Amino acid sequence: MEIIRTKQRLADVVDDARRQGRSIGLVPTMGALHAGHRSLVERARKENDVVIVSVFVNPTQFNNPDDLRTYPRTEEADAAMLEACGVDYAFIPSVEEVYPEPDTRVFDLGPVAEVMEGAMRPGHFNGVAQIVSKLFALTKPTRAYFGEKDFQQIAVIRRMVELEGFDLEIVPCPIVREADGLALSSRNVRLSPEARAIAPKIHYILELSRDLKAAGKQAAEVQQATLDAINDVEGLEAEYYQIVDAATMQPISRWEDAGELGAAGCVTVFCGGVRLIDNIRY
Ligand code: PAF
């Protein structure tokens, strides 16, 4: 595996691969890699001739400077994991290499980016669109892989792809969980032992919400009951729990209002001061 630090070197290997007609799989990450990332990389490895993984903590998507400062950075371990997964190129650039000057682009992401994470973290999705569009332009991937834990992010990236006219396939990959149900996240390392013990209840409560639907409750009732159940757990505080159309991300109050992808329930919970996100499909 080669570690690439510059856009020029990346452009050269991408041009070579494309000239040879080889497919390129891109896995964009912010590092602090875990088994969730590994599942994306392994899938990319199976489906493409060349695999590129980017490791870059993108400052423009952090609306909270403390979150950016304390975001885990584990480059050596990341590189070792990627090498072991058979990755061809790890693109690990500096901030100056990616943003030689400030990126002032504002994407018209529309309603998909206005709710939930978009409402709670102003500017976050525009920052995601900035970095992912740069990565797509640089790596010209055939396929790009994203984890469904960031469910809304995938919808936002699809919108950006449509706006920018990129010709590639977005491949959503299932959430990977700990044995007790906690969704893997780079932020989990920040959980204290007490918070770590409580955190799996988030997934447990989301699973129970499916039973409410099966028992005939409408989406709005399931939403409220789920929110209440999370907030009833000492140590958990929900920022939002929203049942949405799984394609448009727009809130629904009746199941029959969901389109062909069905409904999803998306949650953000503070657990011992750590902001965790998760979701479930109905
Ligand atoms: O999901 C992430 O880790 C990031 O938002 C991404 C897609 C790598 C962009 O920085």
# chains A, B, ... in the order shown; residues from 1 in each chain; ligands from 1

call {"tool": "residues_near_ligand", "arguments": {"ligand": "ligand 1", "cutoff": "7 Å", "atoms": "only C-alpha atoms and all ligand atoms", "output": "CSV table (one decimal) with all heavy atoms, in the first residue's frame"}}
result
chain,number,residue,atom,x,y,z
A,28,PRO,N,-14.2,7.2,1.6
A,28,PRO,CA,-13.8,8.4,2.3
A,28,PRO,C,-13.9,8.2,3.8
A,28,PRO,O,-15.0,7.7,4.2
A,28,PRO,CB,-14.8,9.4,1.8
A,28,PRO,CG,-15.5,8.8,0.6
A,28,PRO,CD,-15.5,7.4,0.9
A,29,THR,N,-12.9,8.5,4.6
A,29,THR,CA,-13.0,8.4,6.0
A,29,THR,C,-12.4,9.6,6.7
A,29,THR,O,-11.6,10.3,6.1
A,29,THR,CB,-12.3,7.1,6.6
A,29,THR,OG1,-10.9,7.4,6.7
A,29,THR,CG2,-12.5,5.9,5.7
A,30,MET,N,-12.7,9.7,8.0
A,30,MET,CA,-11.9,10.7,8.8
A,30,MET,C,-11.0,10.0,9.8
A,30,MET,O,-10.6,10.5,10.8
A,30,MET,CB,-12.9,11.6,9.6
A,30,MET,CG,-13.8,12.4,8.6
A,30,MET,SD,-14.4,13.9,9.3
A,30,MET,CE,-15.4,13.3,10.7
A,56,PHE,N,-9.0,11.8,6.3
A,56,PHE,CA,-8.8,13.3,6.4
A,56,PHE,C,-9.9,13.8,7.4
A,56,PHE,O,-11.1,13.6,7.1
A,56,PHE,CB,-8.9,13.9,5.0
A,56,PHE,CG,-8.8,15.4,5.0
A,56,PHE,CD1,-7.6,16.0,5.4
A,56,PHE,CD2,-9.9,16.2,4.7
A,56,PHE,CE1,-7.5,17.4,5.4
A,56,PHE,CE2,-9.8,17.6,4.7
A,56,PHE,CZ,-8.6,18.2,5.1
A,57,VAL,N,-9.5,14.4,8.5
A,57,VAL,CA,-10.4,15.0,9.4
A,57,VAL,C,-10.7,16.4,8.8
A,57,VAL,O,-9.9,17.3,8.9
A,57,VAL,CB,-9.8,15.1,10.8
A,57,VAL,CG1,-10.8,15.7,11.8
A,57,VAL,CG2,-9.4,13.7,11.3
A,58,ASN,N,-11.9,16.4,8.2
A,58,ASN,CA,-12.3,17.6,7.4
A,58,ASN,C,-12.7,18.8,8.2
A,58,ASN,O,-13.9,18.7,8.7
A,58,ASN,CB,-13.3,17.2,6.4
A,58,ASN,CG,-13.9,18.4,5.6
A,58,ASN,OD1,-13.1,19.3,5.3
A,58,ASN,ND2,-15.2,18.5,5.4
A,128,VAL,N,-19.4,18.7,4.4
A,128,VAL,CA,-19.4,17.3,3.9
A,128,VAL,C,-19.4,17.4,2.3
A,128,VAL,O,-18.6,16.7,1.7
A,128,VAL,CB,-20.5,16.4,4.4
A,128,VAL,CG1,-20.5,15.1,3.7
A,128,VAL,CG2,-20.4,16.2,5.9
A,131,ILE,N,-15.9,18.5,1.0
A,131,ILE,CA,-14.8,17.6,0.9
A,131,ILE,C,-15.1,16.4,0.0
A,131,ILE,O,-14.3,15.9,-0.7
A,131,ILE,CB,-14.4,17.1,2.4
A,131,ILE,CG1,-13.2,16.2,2.3
A,131,ILE,CG2,-15.6,16.4,3.1
A,131,ILE,CD1,-12.0,16.9,1.8
A,132,VAL,N,-16.4,15.9,0.1
A,132,VAL,CA,-16.6,14.7,-0.7
A,132,VAL,C,-16.6,15.1,-2.2
A,132,VAL,O,-16.1,14.3,-3.0
A,132,VAL,CB,-18.0,14.1,-0.3
A,132,VAL,CG1,-18.3,12.9,-1.2
A,132,VAL,CG2,-17.9,13.6,1.1
A,146,PHE,N,-20.2,4.3,1.6
A,146,PHE,CA,-20.5,5.1,2.8
A,146,PHE,C,-21.3,4.2,3.8
A,146,PHE,O,-22.2,3.5,3.3
A,146,PHE,CB,-21.3,6.4,2.4
A,146,PHE,CG,-20.6,7.3,1.6
A,146,PHE,CD1,-20.6,7.3,0.2
A,146,PHE,CD2,-19.8,8.3,2.2
A,146,PHE,CE1,-19.9,8.2,-0.6
A,146,PHE,CE2,-19.1,9.2,1.4
A,146,PHE,CZ,-19.1,9.1,0.0
A,150,ASP,N,-24.5,7.0,9.2
A,150,ASP,CA,-24.7,8.4,8.8
A,150,ASP,C,-25.8,8.4,7.7
A,150,ASP,O,-25.4,8.7,6.5
A,150,ASP,CB,-23.4,9.1,8.4
A,150,ASP,CG,-22.4,9.1,9.5
A,150,ASP,OD1,-22.7,9.8,10.5
A,150,ASP,OD2,-21.4,8.4,9.5

call {"tool": "residues_around", "arguments": {"residues": "Asp245 in chain A", "least_positions_apart": "2", "cutoff": "12 Å", "atoms": "only C-alpha atoms", "output": "MDAnalysis selection string"}}
result
chainID A and resid 111:112 115 151:152 155 219 242:243 247:266 280:282

call {"tool": "residues_around", "arguments": {"residues": "range 224-230 of chain A", "least_positions_apart": "3", "cutoff": "7 Å", "atoms": "only C-alpha atoms", "output": "PDB file with N, CA, C and O atoms, in the first residue's frame"}}
result
ATOM      1  N   ILE A 202     -29.713   2.556  23.284  1.00  0.00           N
ATOM      2  CA  ILE A 202     -30.252   3.335  22.154  1.00  0.00           C
ATOM      3  C   ILE A 202     -30.776   2.372  21.084  1.00  0.00           C
ATOM      4  O   ILE A 202     -31.933   2.455  20.660  1.00  0.00           O
ATOM      5  N   ILE A 205     -33.816   0.295  22.230  1.00  0.00           N
ATOM      6  CA  ILE A 205     -35.093   1.036  22.203  1.00  0.00           C
ATOM      7  C   ILE A 205     -35.578   1.200  20.749  1.00  0.00           C
ATOM      8  O   ILE A 205     -36.772   1.074  20.464  1.00  0.00           O
ATOM      9  N   LEU A 206     -34.655   1.447  19.847  1.00  0.00           N
ATOM     10  CA  LEU A 206     -35.060   1.560  18.430  1.00  0.00           C
ATOM     11  C   LEU A 206     -35.665   0.229  17.937  1.00  0.00           C
ATOM     12  O   LEU A 206     -36.662   0.230  17.216  1.00  0.00           O
ATOM     13  N   SER A 209     -39.109  -0.164  19.032  1.00  0.00           N
ATOM     14  CA  SER A 209     -40.061   0.708  18.338  1.00  0.00           C
ATOM     15  C   SER A 209     -40.683  -0.008  17.137  1.00  0.00           C
ATOM     16  O   SER A 209     -41.796   0.309  16.714  1.00  0.00           O
ATOM     17  N   ALA A 220     -46.229   8.820  14.058  1.00  0.00           N
ATOM     18  CA  ALA A 220     -46.099   9.926  15.033  1.00  0.00           C
ATOM     19  C   ALA A 220     -46.104   9.404  16.462  1.00  0.00           C
ATOM     20  O   ALA A 220     -45.349   9.883  17.316  1.00  0.00           O
ATOM     21  N   GLU A 221     -46.941   8.375  16.709  1.00  0.00           N
ATOM     22  CA  GLU A 221     -46.995   7.796  18.073  1.00  0.00           C
ATOM     23  C   GLU A 221     -45.709   7.039  18.384  1.00  0.00           C
ATOM     24  O   GLU A 221     -45.183   7.121  19.500  1.00  0.00           O
ATOM     25  N   VAL A 233     -34.205   6.880  30.125  1.00  0.00           N
ATOM     26  CA  VAL A 233     -32.992   6.177  30.593  1.00  0.00           C
ATOM     27  C   VAL A 233     -32.058   7.217  31.214  1.00  0.00           C
ATOM     28  O   VAL A 233     -31.682   8.190  30.555  1.00  0.00           O
ATOM     29  N   LEU A 236     -29.069   9.134  29.279  1.00  0.00           N
ATOM     30  CA  LEU A 236     -29.291   9.392  27.851  1.00  0.00           C
ATOM     31  C   LEU A 236     -30.158  10.638  27.686  1.00  0.00           C
ATOM     32  O   LEU A 236     -31.147  10.809  28.408  1.00  0.00           O
ATOM     33  N   GLU A 237     -29.793  11.466  26.740  1.00  0.00           N
ATOM     34  CA  GLU A 237     -30.614  12.649  26.452  1.00  0.00           C
ATOM     35  C   GLU A 237     -30.704  12.813  24.933  1.00  0.00           C
ATOM     36  O   GLU A 237     -29.693  13.104  24.270  1.00  0.00           O
ATOM     37  N   ALA A 238     -31.906  12.593  24.404  1.00  0.00           N
ATOM     38  CA  ALA A 238     -32.062  12.652  22.947  1.00  0.00           C
ATOM     39  C   ALA A 238     -32.084  14.104  22.474  1.00  0.00           C
ATOM     40  O   ALA A 238     -32.746  14.950  23.072  1.00  0.00           O
ATOM     41  N   TYR A 241     -35.434  12.538  17.817  1.00  0.00           N
ATOM     42  CA  TYR A 241     -35.726  11.251  17.190  1.00  0.00           C
ATOM     43  C   TYR A 241     -36.782  11.547  16.146  1.00  0.00           C
ATOM     44  O   TYR A 241     -37.867  12.049  16.479  1.00  0.00           O
TER      45      TYR A 241
END

call {"tool": "residues_around", "arguments": {"residues": "Ile92 in chain A", "least_positions_apart": "6", "cutoff": "7 Å", "atoms": "only C-alpha atoms", "output": "PyMOL selection string"}}
result
chain A and resi 3-5+54-56

call {"tool": "write_last_selection", "arguments": {"atoms": "N, CA and C atoms", "output": "PDB file, in the first residue's frame"}}
result
ATOM      1  N   ILE A   3       1.131   5.260   0.750  1.00  0.00           N
ATOM      2  CA  ILE A   3       0.475   6.418   1.383  1.00  0.00           C
ATOM      3  C   ILE A   3       0.739   7.632   0.504  1.00  0.00           C
ATOM      4  N   ILE A   4      -0.335   8.275   0.079  1.00  0.00           N
ATOM      5  CA  ILE A   4      -0.219   9.442  -0.805  1.00  0.00           C
ATOM      6  C   ILE A   4      -0.543  10.694  -0.001  1.00  0.00           C
ATOM      7  N   ARG A   5       0.307  11.689  -0.113  1.00  0.00           N
ATOM      8  CA  ARG A   5       0.101  12.937   0.649  1.00  0.00           C
ATOM      9  C   ARG A   5      -0.321  14.104  -0.238  1.00  0.00           C
ATOM     10  N   SER A  54      -9.447   7.460   1.694  1.00  0.00           N
ATOM     11  CA  SER A  54      -8.952   8.762   2.161  1.00  0.00           C
ATOM     12  C   SER A  54      -9.123   8.831   3.676  1.00  0.00           C
ATOM     13  N   VAL A  55      -8.120   9.407   4.324  1.00  0.00           N
ATOM     14  CA  VAL A  55      -8.143   9.600   5.779  1.00  0.00           C
ATOM     15  C   VAL A  55      -7.882  11.084   5.994  1.00  0.00           C
ATOM     16  N   PHE A  56      -8.954  11.804   6.318  1.00  0.00           N
ATOM     17  CA  PHE A  56      -8.804  13.262   6.426  1.00  0.00           C
ATOM     18  C   PHE A  56      -9.881  13.802   7.351  1.00  0.00           C
TER      19      PHE A  56
END

call {"tool": "select_by_dssp", "arguments": {"residues": "range 108-168 of chain A", "states": "strand (DSSP E)", "output": "short mmCIF file (atom, residue, chain, number, x, y, z; two decimals) with all heavy atoms, in the first residue's frame"}}
result
data_model
loop_
_atom_site.label_atom_id
_atom_site.label_comp_id
_atom_site.auth_asym_id
_atom_site.auth_seq_id
_atom_site.Cartn_x
_atom_site.Cartn_y
_atom_site.Cartn_z
N ARG A 143 -17.03 3.64 -7.89
CA ARG A 143 -17.97 3.46 -6.78
C ARG A 143 -17.39 4.13 -5.54
O ARG A 143 -16.18 4.10 -5.33
CB ARG A 143 -18.17 1.97 -6.46
CG ARG A 143 -18.70 1.17 -7.61
CD ARG A 143 -18.83 -0.32 -7.31
NE ARG A 143 -19.11 -1.00 -8.58
CZ ARG A 143 -18.17 -1.40 -9.42
NH1 ARG A 143 -16.89 -1.27 -9.12
NH2 ARG A 143 -18.50 -1.95 -10.57
N ALA A 144 -18.30 4.69 -4.70
CA ALA A 144 -17.85 5.26 -3.43
C ALA A 144 -18.72 4.68 -2.33
O ALA A 144 -19.93 4.53 -2.49
CB ALA A 144 -17.97 6.78 -3.46
N TYR A 145 -18.09 4.34 -1.21
CA TYR A 145 -18.73 3.55 -0.15
C TYR A 145 -18.95 4.39 1.10
O TYR A 145 -18.01 5.04 1.58
CB TYR A 145 -17.84 2.33 0.18
CG TYR A 145 -17.72 1.41 -1.02
CD1 TYR A 145 -16.84 1.72 -2.07
CD2 TYR A 145 -18.50 0.28 -1.15
CE1 TYR A 145 -16.76 0.91 -3.19
CE2 TYR A 145 -18.43 -0.53 -2.27
CZ TYR A 145 -17.55 -0.21 -3.29
OH TYR A 145 -17.48 -1.01 -4.41
N PHE A 146 -20.18 4.34 1.63
CA PHE A 146 -20.52 5.12 2.83
C PHE A 146 -21.33 4.25 3.77
O PHE A 146 -22.19 3.47 3.34
CB PHE A 146 -21.34 6.36 2.45
CG PHE A 146 -20.59 7.33 1.60
CD1 PHE A 146 -20.64 7.27 0.22
CD2 PHE A 146 -19.80 8.32 2.19
CE1 PHE A 146 -19.93 8.15 -0.58
CE2 PHE A 146 -19.08 9.22 1.40
CZ PHE A 146 -19.15 9.13 0.02
N GLY A 147 -21.08 4.42 5.07
CA GLY A 147 -21.80 3.63 6.08
C GLY A 147 -23.18 4.23 6.35
O GLY A 147 -23.35 5.45 6.41
#

call {"tool": "closest_residue", "arguments": {"among": "A:Leu10, A:Leu26, A:Leu33, A:Leu138", "to": "Arg73 in chain A", "atoms": "only C-alpha atoms"}}
result
A:Leu33

call {"tool": "closest_residue", "arguments": {"among": "A:Gln223, A:Thr70, A:Val14, A:Ala215", "to": "Tyr89 in chain A", "atoms": "only C-alpha atoms"}}
result
A:Val14

call {"tool": "decode", "arguments": {"residues": "range 36-54 of chain A", "atoms": "N, CA, C and O atoms", "output": "JSON list (two decimals), in the first residue's frame"}}
result
[["chain", "number", "residue", "atom", "x", "y", "z"],
["A", 36, "GLY", "N", -16.37, -0.98, 11.41],
["A", 36, "GLY", "CA", -17.35, -0.43, 10.47],
["A", 36, "GLY", "C", -16.66, 0.02, 9.19],
["A", 36, "GLY", "O", -17.09, -0.30, 8.07],
["A", 37, "HIS", "N", -15.55, 0.76, 9.36],
["A", 37, "HIS", "CA", -14.79, 1.17, 8.18],
["A", 37, "HIS", "C", -14.25, -0.06, 7.44],
["A", 37, "HIS", "O", -14.24, -0.10, 6.22],
["A", 38, "ARG", "N", -13.79, -1.04, 8.26],
["A", 38, "ARG", "CA", -13.21, -2.23, 7.61],
["A", 38, "ARG", "C", -14.23, -2.88, 6.68],
["A", 38, "ARG", "O", -13.89, -3.33, 5.58],
["A", 39, "SER", "N", -15.50, -2.90, 7.10],
["A", 39, "SER", "CA", -16.50, -3.54, 6.25],
["A", 39, "SER", "C", -16.66, -2.77, 4.92],
["A", 39, "SER", "O", -16.87, -3.38, 3.87],
["A", 40, "LEU", "N", -16.53, -1.45, 4.97],
["A", 40, "LEU", "CA", -16.61, -0.67, 3.72],
["A", 40, "LEU", "C", -15.42, -0.99, 2.81],
["A", 40, "LEU", "O", -15.56, -1.17, 1.60],
["A", 41, "VAL", "N", -14.24, -1.05, 3.45],
["A", 41, "VAL", "CA", -13.01, -1.28, 2.67],
["A", 41, "VAL", "C", -13.05, -2.68, 2.06],
["A", 41, "VAL", "O", -12.70, -2.87, 0.88],
["A", 42, "GLU", "N", -13.52, -3.65, 2.84],
["A", 42, "GLU", "CA", -13.55, -5.03, 2.32],
["A", 42, "GLU", "C", -14.52, -5.12, 1.14],
["A", 42, "GLU", "O", -14.25, -5.80, 0.15],
["A", 43, "ARG", "N", -15.63, -4.43, 1.27],
["A", 43, "ARG", "CA", -16.59, -4.45, 0.14],
["A", 43, "ARG", "C", -15.97, -3.79, -1.09],
["A", 43, "ARG", "O", -16.07, -4.30, -2.20],
["A", 44, "ALA", "N", -15.32, -2.63, -0.86],
["A", 44, "ALA", "CA", -14.67, -1.93, -1.98],
["A", 44, "ALA", "C", -13.62, -2.84, -2.63],
["A", 44, "ALA", "O", -13.46, -2.87, -3.85],
["A", 45, "ARG", "N", -12.89, -3.59, -1.78],
["A", 45, "ARG", "CA", -11.83, -4.48, -2.29],
["A", 45, "ARG", "C", -12.43, -5.56, -3.21],
["A", 45, "ARG", "O", -11.88, -5.88, -4.25],
["A", 46, "LYS", "N", -13.59, -6.08, -2.80],
["A", 46, "LYS", "CA", -14.23, -7.15, -3.60],
["A", 46, "LYS", "C", -14.73, -6.63, -4.94],
["A", 46, "LYS", "O", -14.77, -7.35, -5.92],
["A", 47, "GLU", "N", -15.16, -5.36, -4.97],
["A", 47, "GLU", "CA", -15.92, -4.88, -6.13],
["A", 47, "GLU", "C", -15.11, -4.04, -7.11],
["A", 47, "GLU", "O", -15.65, -3.59, -8.11],
["A", 48, "ASN", "N", -13.82, -3.76, -6.79],
["A", 48, "ASN", "CA", -13.06, -2.85, -7.64],
["A", 48, "ASN", "C", -11.63, -3.35, -7.89],
["A", 48, "ASN", "O", -11.09, -4.08, -7.08],
["A", 49, "ASP", "N", -11.05, -2.87, -8.99],
["A", 49, "ASP", "CA", -9.65, -3.23, -9.28],
["A", 49, "ASP", "C", -8.69, -2.46, -8.39],
["A", 49, "ASP", "O", -7.68, -2.99, -7.95],
["A", 50, "VAL", "N", -9.01, -1.19, -8.15],
["A", 50, "VAL", "CA", -8.12, -0.33, -7.36],
["A", 50, "VAL", "C", -8.93, 0.23, -6.20],
["A", 50, "VAL", "O", -10.06, 0.68, -6.39],
["A", 51, "VAL", "N", -8.36, 0.18, -4.99],
["A", 51, "VAL", "CA", -9.07, 0.72, -3.82],
["A", 51, "VAL", "C", -8.26, 1.88, -3.23],
["A", 51, "VAL", "O", -7.07, 1.73, -2.93],
["A", 52, "ILE", "N", -8.94, 3.01, -3.10],
["A", 52, "ILE", "CA", -8.34, 4.20, -2.48],
["A", 52, "ILE", "C", -9.15, 4.52, -1.23],
["A", 52, "ILE", "O", -10.39, 4.58, -1.29],
["A", 53, "VAL", "N", -8.47, 4.70, -0.11],
["A", 53, "VAL", "CA", -9.15, 5.12, 1.12],
["A", 53, "VAL", "C", -8.58, 6.48, 1.51],
["A", 53, "VAL", "O", -7.35, 6.64, 1.60],
["A", 54, "SER", "N", -9.45, 7.46, 1.69],
["A", 54, "SER", "CA", -8.95, 8.76, 2.16],
["A", 54, "SER", "C", -9.12, 8.83, 3.68],
["A", 54, "SER", "O", -10.12, 8.34, 4.22]]
